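To start, the structure under review is shown below, and the notes come after it.
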Amino acid sequence: MTRIASRVSQLNGEGALAVYSRAKELERQGRSIIHLELGEPDFHPAAPVVDALRNAVAAGRDRYCSTRGVPALREAIAEYLKRTRSVDAAAEQVLLAPGCKMALSLAMMALIEPGDEVLYPDPGFPIYPSFTRGLGATAVPFGLEEKNKFQPDVEEIARKVTPRTSAIIFNSPNNPTGTVFSQAALVKLAALAARHNLWMISDEVYARILFSGEYKSIWSLPGMAERTVIIDGFSKSFAMTGWRLGYAVAPVEVIDAMDLLVLNTFTCAAEFTQVAAIEALRDSTNAVEAMVAEYRQRRDQFVAGLNKIHGFRCQAPDGAFYAWVNIENTGLSAEEVQKLLLEEAGVAGIAGAAFGPGGKKYLRFSLVSARNLLEEALERIQRVSVHWRAAVLR
Ligand SMILES: Cc1ncc(COP(=O)(O)O)c(C=O)c1O
């Protein structure tokens with residue numbers, strides 16, 4: 001008899017992967033597909049980072065290493081966070097993991113009890129509610145609504161706090177909306193967390209992919225360093241998705257707890273990727289700036305084009321690399337538009353319900369294809385939009 005632990009039934013998958021599989025199937029049938037479904041940069045790590053990896057393997061840096069991560073990388077992360085977002089944290093407050101998701105799940109395992117309530121953004125990264133439920137806790141959504149420019153309504157969040165609430169998870173810039181939480185919202189969230197003694201899990205994986213201004217972390221607000229866990233990593237900022245390297249920054253007691261979880265699970269992140277990551281943080285070729293400049297151009301071009309499509313409405317994202325498009329005026333459901341785009345136009349995007357009920361009237365497109373492909377995607381979408389133009393006129 002096969003018996004699977006009940007916690008697994010509490011988990012959900014990620015919608016992007018289902019669309020990706022169908023898109024791949026269509027490609028195998030000879031169809032041309034423009035992939036705008038996955039959140040995977042089309043860039044690769046800068047040459048010095050690849051060299052550093054090769055050298056690290058050649059130098060024998062392929063052993064078990066410290067459960068918390070290579071000390072020189074932890075130092076480099078503390079220095080990098082100070083330099084790029086004025087976060088004041090010591091190396092002993094940093095812990096490495098294979099990917100941001102793993103850092104996130106370790107932090108959640110360390111901080112969330114069964115029966116707790118955890119607030120999370122809707123729409124948002126689907127893993128937040130999924131893993132919360134997997135831990136036996138209740139996931140409580142708070143809205144990011146277009147009428148508020150997708151900023152959180154902190155009064156709504158405050159109304160949803162109960163004596164069982166233990167943490168707020170949020171992600172700024174947000175996947176999928178691209179919202180950078182305003183300083184006013186961060187200040188109010190910090191006050192709420194202090195008032196109710198809550199943990200704040202701040203997923204900053206897109207912090208470097210910012211189209212204007214300087215990133216402000218909630219960690220830096222007064223009193224927040226003792227109740228915040230920053231989650232970040234190398235997947236998006238340094239185009240190192242497959243390298244699987246992320247980290248958490250947290251009070252030392254939290255890092256100690258996560259360290260024990262590391263020891264009981266994956267032992268350590270790969271040593272050679274960690275050594276090469278020091279080179280990524282050094283960014284000697286200014287690769288991050290060049291990549292963000294390219295995303296900015298793609299955003300400007302693609303969002304302008306989307307807003308010319310009948311029934312589509314899209315606010316320009318302030319960060320991350322997604323376009324979040326309201327499709328309600330097409331008269332079709334997001335799932336119908338997703339299907340038409342994929343099956344008839346060969347453009348893969350994701351119906352927004354994959355990011356929570358708040359995403360029901362939206363589609364997400366990733367800006368991870370070259371500008372000529374984005375231009376072609378717009379032409380293809382324009383062509384199939386006759387379907388809903390005709391339906392609306394009928
Ligand atoms: C908000 C958010 N957090 C975390 C991750 C996962 O990052 P990693 O690939 O480093 O595990 C993603 C990836 O899509 C994301 O969008």
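Simple scheme: letters A, B, ... for chains in structure tokens order, numbers from 1 for residues in each chain, numbers from 1 for ligands in the order shown.
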
Within 7 Å of ligand 1, which residues of chain A come that close, and what is the closest atom pair and distance in Å for each? Count only C-alpha atoms and all ligand atoms and give it as a Markdown table.
```
| residue | atom | partner | partner_atom_place_in_ligand_line | distance |
| --- | --- | --- | --- | --- |
| A:Gly39 | CA | ligand 1 | 14 (O) | 5.3 |
| A:Gly99 | CA | ligand 1 | 10 (O) | 3.8 |
| A:Cys100 | CA | ligand 1 | 10 (O) | 3.7 |
| A:Lys101 | CA | ligand 1 | 11 (O) | 3.8 |
| A:Met102 | CA | ligand 1 | 11 (O) | 6.3 |
| A:Phe125 | CA | ligand 1 | 1 (C) | 5.1 |
| A:Asn171 | CA | ligand 1 | 1 (C) | 5.8 |
| A:Asn174 | CA | ligand 1 | 1 (C) | 6.6 |
| A:Asn175 | CA | ligand 1 | 1 (C) | 5.3 |
| A:Asp203 | CA | ligand 1 | 3 (N) | 6.1 |
| A:Val205 | CA | ligand 1 | 3 (N) | 5.8 |
| A:Gly233 | CA | ligand 1 | 10 (O) | 5.6 |
| A:Phe234 | CA | ligand 1 | 10 (O) | 6.4 |
| A:Ser235 | CA | ligand 1 | 10 (O) | 4.7 |
| A:Thr241 | CA | ligand 1 | 9 (O) | 5.3 |
| A:Arg244 | CA | ligand 1 | 10 (O) | 6.1 |
| A:Leu245 | CA | ligand 1 | 10 (O) | 6.1 |
| A:Gly246 | CA | ligand 1 | 10 (O) | 5.4 |
```

Between range 155-209 of chain A and range 279-288 of chain A, at 12 Å or less, what are the per-residue closest atom pairs and their distances in Å? Count only C-alpha atoms, order by chain and rising residue number, and return it as a Markdown table.
```
| residue | atom | partner | partner_atom | distance |
| --- | --- | --- | --- | --- |
| A:Tyr206 | CA | A:Val288 | CA | 11.7 |
| A:Ala207 | CA | A:Val288 | CA | 11.4 |
| A:Arg208 | CA | A:Val288 | CA | 7.7 |
| A:Ile209 | CA | A:Val288 | CA | 8.3 |
```

Give me, as a PyMOL selection string, all polymer residues having an atom no more than 7 Å from range 70-77 of chain A, counting only C-alpha atoms and skipping those fewer than 3 positions away in the same chain. chain A and resi 65-66+80-81+91+94+274-275+278

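Here CA of Ile230 in chain A stands at a distance of 27.6 Å from CA of Ala56 in chain A.
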
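Residue nearest Val57 in chain A, chosen from A:Leu378, A:Cys314, A:Ala270, A:Ala320 and counting only C-alpha atoms: A:Ala270.
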
From a DSSP calculation on the backbone, collect every residue of range 12-114 of chain A in strand (DSSP E) and output the set as number ranges by chain. A: 34-35, 94-97

Could you save those same residues with N, CA and C atoms as a CSV table (one decimal), in the first residue's frame?
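The resulting file, selection18.csv, is shown below:
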```csv
chain,number,residue,atom,x,y,z
A,34,ILE,N,6.8,31.6,-28.8
A,34,ILE,CA,7.6,32.6,-28.1
A,34,ILE,C,7.3,32.4,-26.6
A,35,HIS,N,8.4,32.1,-25.9
A,35,HIS,CA,8.2,31.7,-24.5
A,35,HIS,C,8.3,32.9,-23.6
A,94,VAL,N,24.1,35.5,8.0
A,94,VAL,CA,23.8,35.1,6.6
A,94,VAL,C,23.9,33.6,6.5
A,95,LEU,N,23.0,32.9,5.8
A,95,LEU,CA,23.0,31.5,5.6
A,95,LEU,C,22.7,31.1,4.2
A,96,LEU,N,23.6,30.3,3.6
A,96,LEU,CA,23.4,30.0,2.1
A,96,LEU,C,22.6,28.7,2.0
A,97,ALA,N,21.9,28.6,0.9
A,97,ALA,CA,21.0,27.4,0.6
A,97,ALA,C,21.0,27.2,-0.9
```

Can you pull out the residues contacting Arg133 in chain A? Cut-off 12 Å, using only C-alpha atoms, and skip same-chain residues under 6 positions away; I want them as a PDB file with N, CA, C and O atoms, in the first residue's frame.
```pdb
ATOM      1  N   SER A   6       0.137  13.331   4.689  1.00  0.00           N
ATOM      2  CA  SER A   6      -0.963  14.236   4.315  1.00  0.00           C
ATOM      3  C   SER A   6      -0.474  15.649   3.993  1.00  0.00           C
ATOM      4  O   SER A   6      -1.130  16.374   3.250  1.00  0.00           O
ATOM      5  N   ARG A   7       0.688  16.048   4.519  1.00  0.00           N
ATOM      6  CA  ARG A   7       1.122  17.424   4.255  1.00  0.00           C
ATOM      7  C   ARG A   7       1.326  17.673   2.754  1.00  0.00           C
ATOM      8  O   ARG A   7       1.142  18.782   2.283  1.00  0.00           O
ATOM      9  N   VAL A   8       1.653  16.600   2.038  1.00  0.00           N
ATOM     10  CA  VAL A   8       1.909  16.779   0.603  1.00  0.00           C
ATOM     11  C   VAL A   8       0.637  17.215  -0.125  1.00  0.00           C
ATOM     12  O   VAL A   8       0.686  18.022  -1.057  1.00  0.00           O
ATOM     13  N   SER A   9      -0.505  16.719   0.363  1.00  0.00           N
ATOM     14  CA  SER A   9      -1.772  17.076  -0.307  1.00  0.00           C
ATOM     15  C   SER A   9      -2.108  18.556  -0.100  1.00  0.00           C
ATOM     16  O   SER A   9      -2.994  19.090  -0.749  1.00  0.00           O
ATOM     17  N   GLN A  10      -1.413  19.208   0.814  1.00  0.00           N
ATOM     18  CA  GLN A  10      -1.646  20.638   1.058  1.00  0.00           C
ATOM     19  C   GLN A  10      -0.871  21.521   0.076  1.00  0.00           C
ATOM     20  O   GLN A  10      -1.077  22.728   0.011  1.00  0.00           O
ATOM     21  N   LEU A  11       0.041  20.925  -0.657  1.00  0.00           N
ATOM     22  CA  LEU A  11       0.914  21.729  -1.523  1.00  0.00           C
ATOM     23  C   LEU A  11       0.301  21.914  -2.906  1.00  0.00           C
ATOM     24  O   LEU A  11      -0.438  21.054  -3.381  1.00  0.00           O
ATOM     25  N   ASN A  12       0.616  23.047  -3.536  1.00  0.00           N
ATOM     26  CA  ASN A  12       0.225  23.193  -4.954  1.00  0.00           C
ATOM     27  C   ASN A  12       1.469  23.319  -5.824  1.00  0.00           C
ATOM     28  O   ASN A  12       2.579  23.549  -5.321  1.00  0.00           O
ATOM     29  N   SER A 105      12.018  28.179   2.434  1.00  0.00           N
ATOM     30  CA  SER A 105      11.356  27.084   3.150  1.00  0.00           C
ATOM     31  C   SER A 105      12.045  26.795   4.480  1.00  0.00           C
ATOM     32  O   SER A 105      11.386  26.463   5.461  1.00  0.00           O
ATOM     33  N   MET A 108      10.747  29.404   6.818  1.00  0.00           N
ATOM     34  CA  MET A 108       9.358  29.106   7.206  1.00  0.00           C
ATOM     35  C   MET A 108       9.321  27.935   8.183  1.00  0.00           C
ATOM     36  O   MET A 108       8.578  27.962   9.164  1.00  0.00           O
ATOM     37  N   MET A 109      10.152  26.910   7.940  1.00  0.00           N
ATOM     38  CA  MET A 109      10.185  25.769   8.873  1.00  0.00           C
ATOM     39  C   MET A 109      10.665  26.223  10.251  1.00  0.00           C
ATOM     40  O   MET A 109      10.214  25.724  11.270  1.00  0.00           O
ATOM     41  N   ILE A 112       7.444  29.013  11.612  1.00  0.00           N
ATOM     42  CA  ILE A 112       5.984  28.846  11.570  1.00  0.00           C
ATOM     43  C   ILE A 112       5.566  27.543  12.245  1.00  0.00           C
ATOM     44  O   ILE A 112       6.091  26.471  11.930  1.00  0.00           O
ATOM     45  N   GLU A 113       4.628  27.666  13.171  1.00  0.00           N
ATOM     46  CA  GLU A 113       4.097  26.503  13.902  1.00  0.00           C
ATOM     47  C   GLU A 113       2.804  26.032  13.242  1.00  0.00           C
ATOM     48  O   GLU A 113       2.061  26.859  12.691  1.00  0.00           O
ATOM     49  N   PRO A 114       2.469  24.723  13.353  1.00  0.00           N
ATOM     50  CA  PRO A 114       1.144  24.286  12.918  1.00  0.00           C
ATOM     51  C   PRO A 114       0.085  25.102  13.669  1.00  0.00           C
ATOM     52  O   PRO A 114       0.254  25.384  14.853  1.00  0.00           O
ATOM     53  N   GLY A 115      -0.963  25.495  12.961  1.00  0.00           N
ATOM     54  CA  GLY A 115      -2.039  26.275  13.606  1.00  0.00           C
ATOM     55  C   GLY A 115      -1.831  27.785  13.499  1.00  0.00           C
ATOM     56  O   GLY A 115      -2.756  28.554  13.729  1.00  0.00           O
ATOM     57  N   ASP A 116      -0.616  28.220  13.152  1.00  0.00           N
ATOM     58  CA  ASP A 116      -0.370  29.658  12.963  1.00  0.00           C
ATOM     59  C   ASP A 116      -1.130  30.173  11.744  1.00  0.00           C
ATOM     60  O   ASP A 116      -1.523  29.385  10.866  1.00  0.00           O
ATOM     61  N   GLU A 117      -1.280  31.479  11.679  1.00  0.00           N
ATOM     62  CA  GLU A 117      -1.788  32.113  10.453  1.00  0.00           C
ATOM     63  C   GLU A 117      -0.668  32.959   9.858  1.00  0.00           C
ATOM     64  O   GLU A 117       0.058  33.638  10.591  1.00  0.00           O
ATOM     65  N   VAL A 118      -0.544  32.889   8.539  1.00  0.00           N
ATOM     66  CA  VAL A 118       0.531  33.602   7.844  1.00  0.00           C
ATOM     67  C   VAL A 118      -0.089  34.441   6.736  1.00  0.00           C
ATOM     68  O   VAL A 118      -0.843  33.919   5.897  1.00  0.00           O
ATOM     69  N   LEU A 119       0.185  35.723   6.750  1.00  0.00           N
ATOM     70  CA  LEU A 119      -0.356  36.626   5.721  1.00  0.00           C
ATOM     71  C   LEU A 119       0.567  36.644   4.514  1.00  0.00           C
ATOM     72  O   LEU A 119       1.798  36.673   4.661  1.00  0.00           O
ATOM     73  N   TYR A 120      -0.040  36.629   3.323  1.00  0.00           N
ATOM     74  CA  TYR A 120       0.770  36.600   2.095  1.00  0.00           C
ATOM     75  C   TYR A 120       0.035  37.362   0.988  1.00  0.00           C
ATOM     76  O   TYR A 120      -1.188  37.498   1.022  1.00  0.00           O
ATOM     77  N   PRO A 126       3.216  31.606  -5.771  1.00  0.00           N
ATOM     78  CA  PRO A 126       2.299  30.572  -5.262  1.00  0.00           C
ATOM     79  C   PRO A 126       2.879  29.671  -4.177  1.00  0.00           C
ATOM     80  O   PRO A 126       2.134  28.969  -3.488  1.00  0.00           O
ATOM     81  N   ILE A 127       4.192  29.715  -4.028  1.00  0.00           N
ATOM     82  CA  ILE A 127       4.818  28.854  -3.023  1.00  0.00           C
ATOM     83  C   ILE A 127       4.528  29.344  -1.592  1.00  0.00           C
ATOM     84  O   ILE A 127       4.509  28.550  -0.654  1.00  0.00           O
ATOM     85  N   ALA A 139      -2.879  29.845   5.502  1.00  0.00           N
ATOM     86  CA  ALA A 139      -2.398  30.944   4.653  1.00  0.00           C
ATOM     87  C   ALA A 139      -3.535  31.940   4.478  1.00  0.00           C
ATOM     88  O   ALA A 139      -4.617  31.573   4.036  1.00  0.00           O
ATOM     89  N   VAL A 140      -3.289  33.204   4.850  1.00  0.00           N
ATOM     90  CA  VAL A 140      -4.329  34.240   4.789  1.00  0.00           C
ATOM     91  C   VAL A 140      -3.901  35.295   3.764  1.00  0.00           C
ATOM     92  O   VAL A 140      -2.900  35.987   3.968  1.00  0.00           O
TER      93      VAL A 140
END
```

Show me a table, sorted first by chain and then by increasing residue number, of the residues of range 131-225 of chain A having an atom at most 8 Å from range 343-365 of chain A, each with its shortest atom pair and the distance in Å to one decimal, counting only C-alpha atoms and written as CSV.
```
residue,atom,partner,partner_atom,distance
A:Gly143,CA,A:Gly358,CA,6.7
A:Leu144,CA,A:Gly358,CA,7.5
A:Glu145,CA,A:Gly358,CA,7.6
A:Pro176,CA,A:Arg364,CA,6.6
```

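CA of Asp122 in chain A to CA of Pro141 in chain A spans 5.6 Å [interatomic distance, one decimal].
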
Restricting the calculation to only C-alpha atoms, which member of A:His310, A:His44, A:Lys24, A:Arg371 is positioned closest to His387 in chain A?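 Of A:His310, A:His44, A:Lys24, A:Arg371, the one nearest His387 in chain A, counting only C-alpha atoms, is A:His310.
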
Quick check, in Å to one decimal: how far apart do CA of Ala185 in chain A and CA of Arg164 in chain A lie?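 If I compute the distance from CA of Ala185 in chain A to CA of Arg164 in chain A, I get 22.6 Å.
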
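Take the candidates A:Ala276, A:Leu306, A:Met240, A:Ala194 and check each one against Ile327 in chain A using only C-alpha atoms; the shortest distance goes to A:Leu306.
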
DSSP on the backbone: which residues in range 212-290 of chain A end up as helix (DSSP H, G or I)? Give the answer as a PyMOL selection string. chain A and resi 218-220+241-243+252-264+271-282+287-290

Take the residues from that selection and put them in a file with N, CA, C and O atoms, as a CSV table (one decimal), in the first residue's frame.
```csv
chain,number,residue,atom,x,y,z
A,218,ILE,N,12.8,46.5,4.2
A,218,ILE,CA,12.1,46.7,5.5
A,218,ILE,C,13.0,46.4,6.6
A,218,ILE,O,12.8,47.0,7.7
A,219,TRP,N,14.0,45.6,6.4
A,219,TRP,CA,15.1,45.3,7.4
A,219,TRP,C,15.6,46.6,8.0
A,219,TRP,O,15.9,46.6,9.2
A,220,SER,N,15.8,47.6,7.2
A,220,SER,CA,16.5,48.8,7.7
A,220,SER,C,15.7,49.8,8.5
A,220,SER,O,16.2,50.8,9.0
A,241,THR,N,20.0,30.9,-12.5
A,241,THR,CA,18.8,30.1,-12.0
A,241,THR,C,19.3,28.6,-11.7
A,241,THR,O,18.9,28.1,-10.7
A,242,GLY,N,20.0,28.1,-12.7
A,242,GLY,CA,20.3,26.6,-12.5
A,242,GLY,C,21.5,26.4,-11.6
A,242,GLY,O,21.7,25.2,-11.3
A,243,TRP,N,22.1,27.4,-11.1
A,243,TRP,CA,23.2,27.2,-10.2
A,243,TRP,C,22.7,26.8,-8.8
A,243,TRP,O,23.4,26.4,-8.0
A,252,VAL,N,20.6,36.1,14.5
A,252,VAL,CA,21.5,35.0,14.7
A,252,VAL,C,20.7,33.7,15.2
A,252,VAL,O,20.9,32.6,14.7
A,253,GLU,N,19.7,33.9,16.1
A,253,GLU,CA,19.0,32.8,16.6
A,253,GLU,C,18.2,32.1,15.5
A,253,GLU,O,18.1,30.8,15.5
A,254,VAL,N,17.7,32.8,14.5
A,254,VAL,CA,17.0,32.2,13.4
A,254,VAL,C,18.0,31.5,12.5
A,254,VAL,O,17.7,30.4,12.1
A,255,ILE,N,19.2,32.1,12.3
A,255,ILE,CA,20.2,31.4,11.5
A,255,ILE,C,20.6,30.1,12.1
A,255,ILE,O,20.8,29.1,11.5
A,256,ASP,N,20.8,30.1,13.5
A,256,ASP,CA,21.1,28.9,14.2
A,256,ASP,C,20.1,27.8,14.0
A,256,ASP,O,20.4,26.6,13.7
A,257,ALA,N,18.8,28.2,14.0
A,257,ALA,CA,17.8,27.2,13.8
A,257,ALA,C,17.8,26.7,12.4
A,257,ALA,O,17.7,25.5,12.1
A,258,MET,N,18.0,27.6,11.4
A,258,MET,CA,18.0,27.2,10.0
A,258,MET,C,19.2,26.3,9.8
A,258,MET,O,19.2,25.3,9.0
A,259,ASP,N,20.3,26.6,10.5
A,259,ASP,CA,21.6,25.8,10.3
A,259,ASP,C,21.3,24.4,10.7
A,259,ASP,O,21.8,23.4,10.0
A,260,LEU,N,20.6,24.2,11.8
A,260,LEU,CA,20.3,22.8,12.2
A,260,LEU,C,19.4,22.1,11.1
A,260,LEU,O,19.6,20.9,10.9
A,261,LEU,N,18.5,22.9,10.5
A,261,LEU,CA,17.7,22.3,9.4
A,261,LEU,C,18.5,21.9,8.2
A,261,LEU,O,18.3,20.9,7.6
A,262,VAL,N,19.5,22.7,7.9
A,262,VAL,CA,20.5,22.4,6.8
A,262,VAL,C,21.2,21.1,7.1
A,262,VAL,O,21.2,20.2,6.3
A,263,LEU,N,21.7,21.0,8.3
A,263,LEU,CA,22.4,19.8,8.7
A,263,LEU,C,21.6,18.6,8.6
A,263,LEU,O,22.1,17.5,8.2
A,264,ASN,N,20.3,18.7,8.9
A,264,ASN,CA,19.4,17.6,8.8
A,264,ASN,C,18.8,17.3,7.4
A,264,ASN,O,18.1,16.3,7.2
A,271,GLU,N,30.1,23.9,-2.8
A,271,GLU,CA,31.2,24.8,-2.5
A,271,GLU,C,31.6,25.6,-3.7
A,271,GLU,O,31.8,26.8,-3.6
A,272,PHE,N,31.7,25.0,-4.9
A,272,PHE,CA,32.3,25.7,-6.0
A,272,PHE,C,31.3,26.8,-6.5
A,272,PHE,O,31.8,27.9,-7.0
A,273,THR,N,30.0,26.6,-6.4
A,273,THR,CA,29.1,27.6,-6.8
A,273,THR,C,29.2,28.8,-5.8
A,273,THR,O,29.1,30.0,-6.2
A,274,GLN,N,29.4,28.5,-4.6
A,274,GLN,CA,29.6,29.6,-3.6
A,274,GLN,C,30.8,30.4,-3.9
A,274,GLN,O,30.8,31.6,-3.8
A,275,VAL,N,31.9,29.7,-4.2
A,275,VAL,CA,33.1,30.5,-4.5
A,275,VAL,C,32.9,31.4,-5.7
A,275,VAL,O,33.3,32.5,-5.7
A,276,ALA,N,32.3,30.8,-6.7
A,276,ALA,CA,32.0,31.6,-7.9
A,276,ALA,C,31.1,32.8,-7.7
A,276,ALA,O,31.1,33.9,-8.3
A,277,ALA,N,30.2,32.6,-6.7
A,277,ALA,CA,29.2,33.6,-6.4
A,277,ALA,C,29.9,34.9,-5.8
A,277,ALA,O,29.3,36.0,-6.0
A,278,ILE,N,31.0,34.7,-5.2
A,278,ILE,CA,31.7,35.9,-4.7
A,278,ILE,C,32.1,36.8,-5.9
A,278,ILE,O,32.0,38.0,-5.8
A,279,GLU,N,32.5,36.1,-7.0
A,279,GLU,CA,32.8,36.9,-8.2
A,279,GLU,C,31.5,37.6,-8.8
A,279,GLU,O,31.6,38.7,-9.3
A,280,ALA,N,30.4,36.9,-8.7
A,280,ALA,CA,29.2,37.5,-9.2
A,280,ALA,C,28.9,38.8,-8.4
A,280,ALA,O,28.5,39.8,-9.0
A,281,LEU,N,29.0,38.7,-7.1
A,281,LEU,CA,28.7,39.9,-6.3
A,281,LEU,C,29.7,41.0,-6.6
A,281,LEU,O,29.3,42.2,-6.5
A,282,ARG,N,30.9,40.7,-6.9
A,282,ARG,CA,31.9,41.7,-7.3
A,282,ARG,C,31.5,42.4,-8.5
A,282,ARG,O,31.7,43.6,-8.7
A,287,ALA,N,27.6,43.6,-15.1
A,287,ALA,CA,26.6,42.8,-15.8
A,287,ALA,C,25.2,43.2,-15.3
A,287,ALA,O,24.3,43.2,-16.1
A,288,VAL,N,25.0,43.4,-14.0
A,288,VAL,CA,23.7,43.6,-13.5
A,288,VAL,C,23.1,44.9,-14.1
A,288,VAL,O,21.9,44.9,-14.6
A,289,GLU,N,23.9,46.0,-14.2
A,289,GLU,CA,23.4,47.2,-14.7
A,289,GLU,C,23.0,47.1,-16.2
A,289,GLU,O,21.9,47.5,-16.6
A,290,ALA,N,23.8,46.3,-16.9
A,290,ALA,CA,23.5,46.2,-18.4
A,290,ALA,C,22.2,45.3,-18.5
A,290,ALA,O,21.4,45.6,-19.4
```

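Shortest atom-to-atom contact with Leu106 in chain A among A:Leu17, A:Ile201, A:Leu342, A:Ala239: A:Ile201, counting only C-alpha atoms.
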
Go through A:Ser217, A:Thr2, A:Thr67, A:Asn326 one by one, measure the shortest atom-to-atom distance of each to Ala269 in chain A using only C-alpha atoms, and give the residue with the smallest value.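 Closest residue, counting only C-alpha atoms: A:Thr67.
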
Pick from A:Phe142, A:Ala190, A:Glu27, A:Tyr295: nearest to Glu156 in chain A, with only C-alpha atoms counted? A:Phe142
